[in-house]
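Participant: Handing you this structure, nothing more for now.
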Amino acid sequence: MNHNDIITCSILTTSDLHGHLNPVDYRTGEAKHESLAAIASLIKQERQHSPDLLLIDNGDLIQGTPLAYYAAAHHRHHINPGIAALNELKYDAAVIGNHEFNFGREFLMNAIKDSNFPWLSAGIMDSTLKKPAFGKPYIIKWIQNEIKIAILGVTTHYIPHWENPAHIQGLEFIDALESVKNWCSYIQAEEQPDLLVVSYHGGFERDLISGEAVERLTGENQAYAMCTEVEGLDVLITGHQHRSITGELNGVTIIQPGCNGQALGKLTITFKKENERWRIHRKEAELISTHKEIANDAKIIELSSTIESETQAWLDEPVGTTNGDLSIASAAECRKADHPFIEFMNKVQMAAAGVDISTAALLSNECTGFGSVITRRDILSSFIYPNTLTVLRLTGQDIRQALEQTSNYFQYDTDGELVVNPAYIKPKPQHYNYDMWEGIQYELHIARPAGDRVRHLSYHGQPIEDNQEYDVVMNNYRASGGGDYEMYKGKPVVKQINIDMADIVTEYIDQRSVIEATCDHNWRVV
C-alpha cells in the first residue's frame, strides 16, 4: 500500500511446521484443522491485499510427522513434500531449524538444492572454509522499489548437544547471539536497510514482562538477549519453543507463530517519508489462526497426495500383536510407577544395545501405548523423534544424580497434591525430560528436599555404589546432556546404535510377532 509518503509492507511467517502439510491427525487418521494446507489459504488471501508481501519459514520444516519420516525413508530421491509446498507458495526464504539435520546432511542438502528460495543461517559455519555453511545468511528485499528490507536468518547453536554427530560433521556452531550482533552490525554498515529483521530458530529464555529467567540459561534460547542487546534490530521472528507470541520488547516487534500449522504470523510495518528518508511509523504483529472455517488449499494437498496415500497405507500395516495390556490410560499415572509400556521401551533398548540397564522417557502426553494389534502408526505415534541409542559408562553417583534430576519433574502443591513442576510445562512442555529406568530398583521420595529424594537404589539386589561403573543405554538426546542431565556430558561412550528408535522398535516387534506385556515394578514415586 502506498499513499505517496506512506508505504505499508507485510511479512508473513511460519515456524515449526514439522511436516504438518496436510490436515490429518496421524495418530488416528482423522481430519484436523492445523496444517500448512490451511495456512496456504491464508497466505493466498493476504497476497490479494499485498502482492509484494514477504514470506519466511523459520525452520523445523522437514521432520515431525509420519509423512516426513516416510519421505525420508522411502522418497529420498524425490523432491521433499515440504519443499514442494514452500516452492508452490513462493516463499522468499527459510531458516535452518535444529530438526532439519535429523535425517542426515545429504538429505538436508538435497532439500536445499530443490528449494526455489535461499536457506539462511548465520552462525552455522563450514569448519574447513570458515564461512557460513549455507551461503549468505541474509537477503535484501525491496518493497515498491522504495523500502529496503534486510532479513537475517540464524539458528540456535545448541544443536551439537542433541544431534547425531555424523549429521553435523564439518560444521561449527557459533553462538547465535554473537552471530546476530556481528551480522546486524555488518548489514547496517553495508546495506543501510530501512527495516532490519532477524528470523531466529530459537526462543525466549526470559519472561517477556519481568525479565526473570524461565529456564537454565544454556544459550539454547537467546531471543530476549537479542531484543535487549542488539543495536538497530526492528523485528524478531522466533520459533523452536512452539509458543504463540506477539508483542514488543525493548522496541523490537516480536512474533512466534506456534507449531504444526496452528497459525500464520503476520507483521505489518508502516513507513512514513520524512526529510526524503523512509522511517518506521508503526509496527504490528498478529497471529492468524487456522480455525475450522478456513478452507484447505487444494493445490498444497494435491502436491503431496500420492506420498500421503502411500504413508497412510504404510502406517496401517500391522507389525505384531500384544499378549496382555500395553495401553496407556494416563500419561501422568504412567510416570508415578513402573508401567508395562515403559518396561517394553526399556527392554527394546536393552536388547538393541546388549546391556541390562536402560532409561527412557514417554515422549508425549498424547501417547496411548499399544492395543492388541500393533501397527506402524502406533509405533510412530509413540516414538515421535528420530532418536538413536547411545550406551554410556556411568558411575553409581552419575545414576543417582540423574534420578535426582528426574525427580525435579514432580512437586507438591499447596493442597499437598503431587503435581508436575510448572518448569516442565511452561514456557514449553518438557514431559520428555522425565526418565524411567529398568535394570535397577529405586524410589523417588518427592516430599524430601530436591537433591535428596532417591531412596533404595540397587542393582541386582545390591546397593549401587557411587564409584562403581555401569553401562546404561539411553537415547542420543539424553546422552548428550539434553534436558539438563549435565552428569552425562563427557562420559565414556561404549556404543552408538545409529538407527532410528522407531526402526529399532519395529524390528524388535517384527522378530517376535507377539509382545508380552510385563511389569516388574522396579521403581515408584512415593
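Residue numbers start at 1 in each chain; chains themselves are named A, B, ... in the order of the C-alpha cells; ligands are numbered from 1 in the order shown.
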Counting only C-alpha atoms, what is within 7 Å of region 317-331 of chain A, bar same-chain residues fewer than 4 positions away, as a PyMOL selection string?

Facilitator: chain A and resi 313+335+340-341+365+368-376+506+509-510+513-517

Participant: Run DSSP on the backbone and grab whatever in region 89-284 of chain A lands in strand (DSSP E); send it over as a ChimeraX atom specification.

Facilitator: /A:93-95,119-120,124-126,131-132,138-143,147-155,171-173,195-201,235-237,244-249,252-257,263-274,277-284

Participant: Residues near Asn260 (chain A), anyone? I mean within 7 Å using only C-alpha atoms, not counting same-chain ones fewer than 5 positions away, as a PDB file with N, CA and C atoms, in the first residue's frame.

Facilitator:
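Listed below is the output, result-v2.pdb:
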```
ATOM      1  N   ASP A  16       8.202 -24.035  12.682  1.00  0.00           N
ATOM      2  CA  ASP A  16       7.981 -25.331  13.327  1.00  0.00           C
ATOM      3  C   ASP A  16       6.772 -26.074  12.738  1.00  0.00           C
ATOM      4  N   LEU A  17       6.705 -26.086  11.413  1.00  0.00           N
ATOM      5  CA  LEU A  17       5.623 -26.825  10.739  1.00  0.00           C
ATOM      6  C   LEU A  17       5.762 -28.333  10.948  1.00  0.00           C
ATOM      7  N   HIS A  18       6.978 -28.816  11.104  1.00  0.00           N
ATOM      8  CA  HIS A  18       7.251 -30.223  11.447  1.00  0.00           C
ATOM      9  C   HIS A  18       6.499 -31.217  10.564  1.00  0.00           C
ATOM     10  N   HIS A  20       3.741 -31.022   9.021  1.00  0.00           N
ATOM     11  CA  HIS A  20       2.262 -30.998   9.048  1.00  0.00           C
ATOM     12  C   HIS A  20       1.750 -30.245   7.817  1.00  0.00           C
ATOM     13  N   GLU A  34      -5.325 -27.773  11.823  1.00  0.00           N
ATOM     14  CA  GLU A  34      -4.000 -27.157  11.703  1.00  0.00           C
ATOM     15  C   GLU A  34      -3.171 -27.858  10.637  1.00  0.00           C
ATOM     16  N   SER A  35      -2.644 -27.083   9.692  1.00  0.00           N
ATOM     17  CA  SER A  35      -1.752 -27.640   8.673  1.00  0.00           C
ATOM     18  C   SER A  35      -1.277 -26.517   7.771  1.00  0.00           C
TER      19      SER A  35
END
```

Participant: Given the choices A:Met226, A:Cys259, A:Cys9, A:Met109, which gets closest to Leu61 (chain A) if the distance is worked out from only C-alpha atoms?

Facilitator: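 The closest residue to Leu61 (chain A) is A:Cys259.
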
Participant: Please provide the set of residues having any atom within 8 Å of Val95 (chain A), restricted to only C-alpha atoms, with same-chain residues fewer than 3 positions apart removed, written as a ChimeraX atom specification.

Facilitator: /A:56-59,119-121,153-155,199-201

Participant: Go ahead and write the residues just picked, C-alpha atoms, as a compact mmCIF listing (two decimals), in the first residue's frame.

Facilitator:
```txt
# COMPACT_ATOMS: atom_id res chain seq x y z
CA ILE A 56 9.55 -16.54 5.56
CA ASP A 57 9.69 -20.01 7.11
CA ASN A 58 11.55 -20.03 10.42
CA GLY A 59 12.72 -23.65 10.47
CA TRP A 119 18.09 -21.10 3.28
CA LEU A 120 19.61 -18.74 5.83
CA SER A 121 21.68 -19.39 8.93
CA GLY A 153 18.48 -15.92 9.43
CA VAL A 154 20.04 -17.55 12.49
CA THR A 155 19.73 -20.91 14.25
CA SER A 199 14.41 -14.67 11.78
CA TYR A 200 15.75 -16.82 14.63
CA HIS A 201 15.10 -20.52 15.05
```

Participant: So, with only C-alpha atoms as the atoms that count, which of A:Leu177, A:Ile301, A:Ile379, A:Ala402 lies closest to Tyr508 (chain A)?

Facilitator: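 Smallest separation from Tyr508 (chain A) among the options: A:Ile379.
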
Participant: Rank nothing, just name the residue among A:Lys148, A:Asp520, A:Gln312, A:Asp500 nearest to Gln192 (chain A), using only C-alpha atoms.

Facilitator: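 Of the candidates, the smallest distance to Gln192 (chain A) is held by A:Lys148.
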
Participant: Measuring between only C-alpha atoms, which one of A:Thr253, A:Gln188, A:Gln262, A:Gln241 shows the shortest distance to Thr14 (chain A)?

Facilitator: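 Selected residue with least distance to Thr14 (chain A): A:Gln262.
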
Participant: Could you list, with a cut-off of 12 Å and counting only C-alpha atoms, the residues of region 223-285 of chain A near region 208-215 of chain A, each shown with its nearest atom pair and the distance in Å rounded to one decimal, rows sorted by chain and ascending number, as a Markdown table?

Facilitator:
```
| residue | atom | partner | partner_atom | distance |
| --- | --- | --- | --- | --- |
| A:Ala223 | CA | A:Leu208 | CA | 10.0 |
| A:Tyr224 | CA | A:Leu208 | CA | 7.5 |
| A:Ala225 | CA | A:Gly211 | CA | 9.9 |
| A:Cys227 | CA | A:Leu208 | CA | 10.4 |
| A:Thr228 | CA | A:Gly211 | CA | 10.4 |
| A:Gln241 | CA | A:Glu215 | CA | 11.8 |
| A:Ile245 | CA | A:Leu208 | CA | 9.8 |
| A:Thr246 | CA | A:Leu208 | CA | 10.5 |
| A:Gly247 | CA | A:Leu208 | CA | 9.1 |
| A:Glu248 | CA | A:Leu208 | CA | 8.9 |
| A:Leu249 | CA | A:Leu208 | CA | 7.2 |
| A:Asn250 | CA | A:Leu208 | CA | 10.0 |
| A:Val252 | CA | A:Leu208 | CA | 11.9 |
| A:Ile254 | CA | A:Leu208 | CA | 10.3 |
| A:Ile255 | CA | A:Leu208 | CA | 11.9 |
```

Participant: Mind the document's chain letters and residue numbers, and return as a ChimeraX atom specification the residues of region 98-264 of chain A that DSSP labels alpha helix (DSSP H).

Facilitator: /A:105-113,176-190,223-229

Participant: Just how far from CA of Ile43 (chain A) is CA of Phe103 (chain A), in Å to one decimal?

Facilitator: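 Separating CA of Phe103 (chain A) from CA of Ile43 (chain A) is a distance of 28.6 Å.
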
Participant: Can you tell me, as a short mmCIF file (atom, residue, chain, number, x, y, z; two decimals) with C-alpha atoms, in the first residue's frame, what residues are no more than 6 Å from region 278-288 of chain A when counting only C-alpha atoms, ignoring any on the same chain fewer than 5 positions away?

Facilitator:
```cif
data_model
loop_
_atom_site.label_atom_id
_atom_site.label_comp_id
_atom_site.auth_asym_id
_atom_site.auth_seq_id
_atom_site.Cartn_x
_atom_site.Cartn_y
_atom_site.Cartn_z
CA THR A 246 3.13 -11.37 19.62
CA ALA A 263 -1.21 -20.11 12.89
CA LEU A 264 0.28 -17.77 10.32
CA GLY A 265 2.37 -14.95 11.74
CA LYS A 266 1.71 -11.54 10.20
CA LEU A 267 3.88 -8.46 10.65
CA THR A 268 2.62 -5.14 9.31
CA ILE A 269 5.12 -2.30 9.10
CA THR A 270 4.11 1.20 8.05
CA PHE A 271 6.77 3.61 6.77
CA LYS A 272 6.43 7.38 6.53
CA LYS A 273 8.64 9.63 4.44
#
```

Participant: One decimal, in Å: what's the spacing between CA of Ala150 (chain A) and CA of Ser10 (chain A)?

Facilitator: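 That distance, rounded to one decimal, is 13.6 Å.
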
Participant: With only C-alpha atoms as the basis for distance, which of A:Ala166, A:Val526, A:Leu236, A:Met350 is at the shortest distance from Phe204 (chain A)?

Facilitator: A:Leu236

Participant: Looking at only C-alpha atoms, which of A:Asp114, A:Asp194, A:Glu172, A:Glu438 is the one that sits closest to Ile151 (chain A)?

Facilitator: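 Comparing A:Asp114, A:Asp194, A:Glu172, A:Glu438 against Ile151 (chain A), the winner is A:Asp194.
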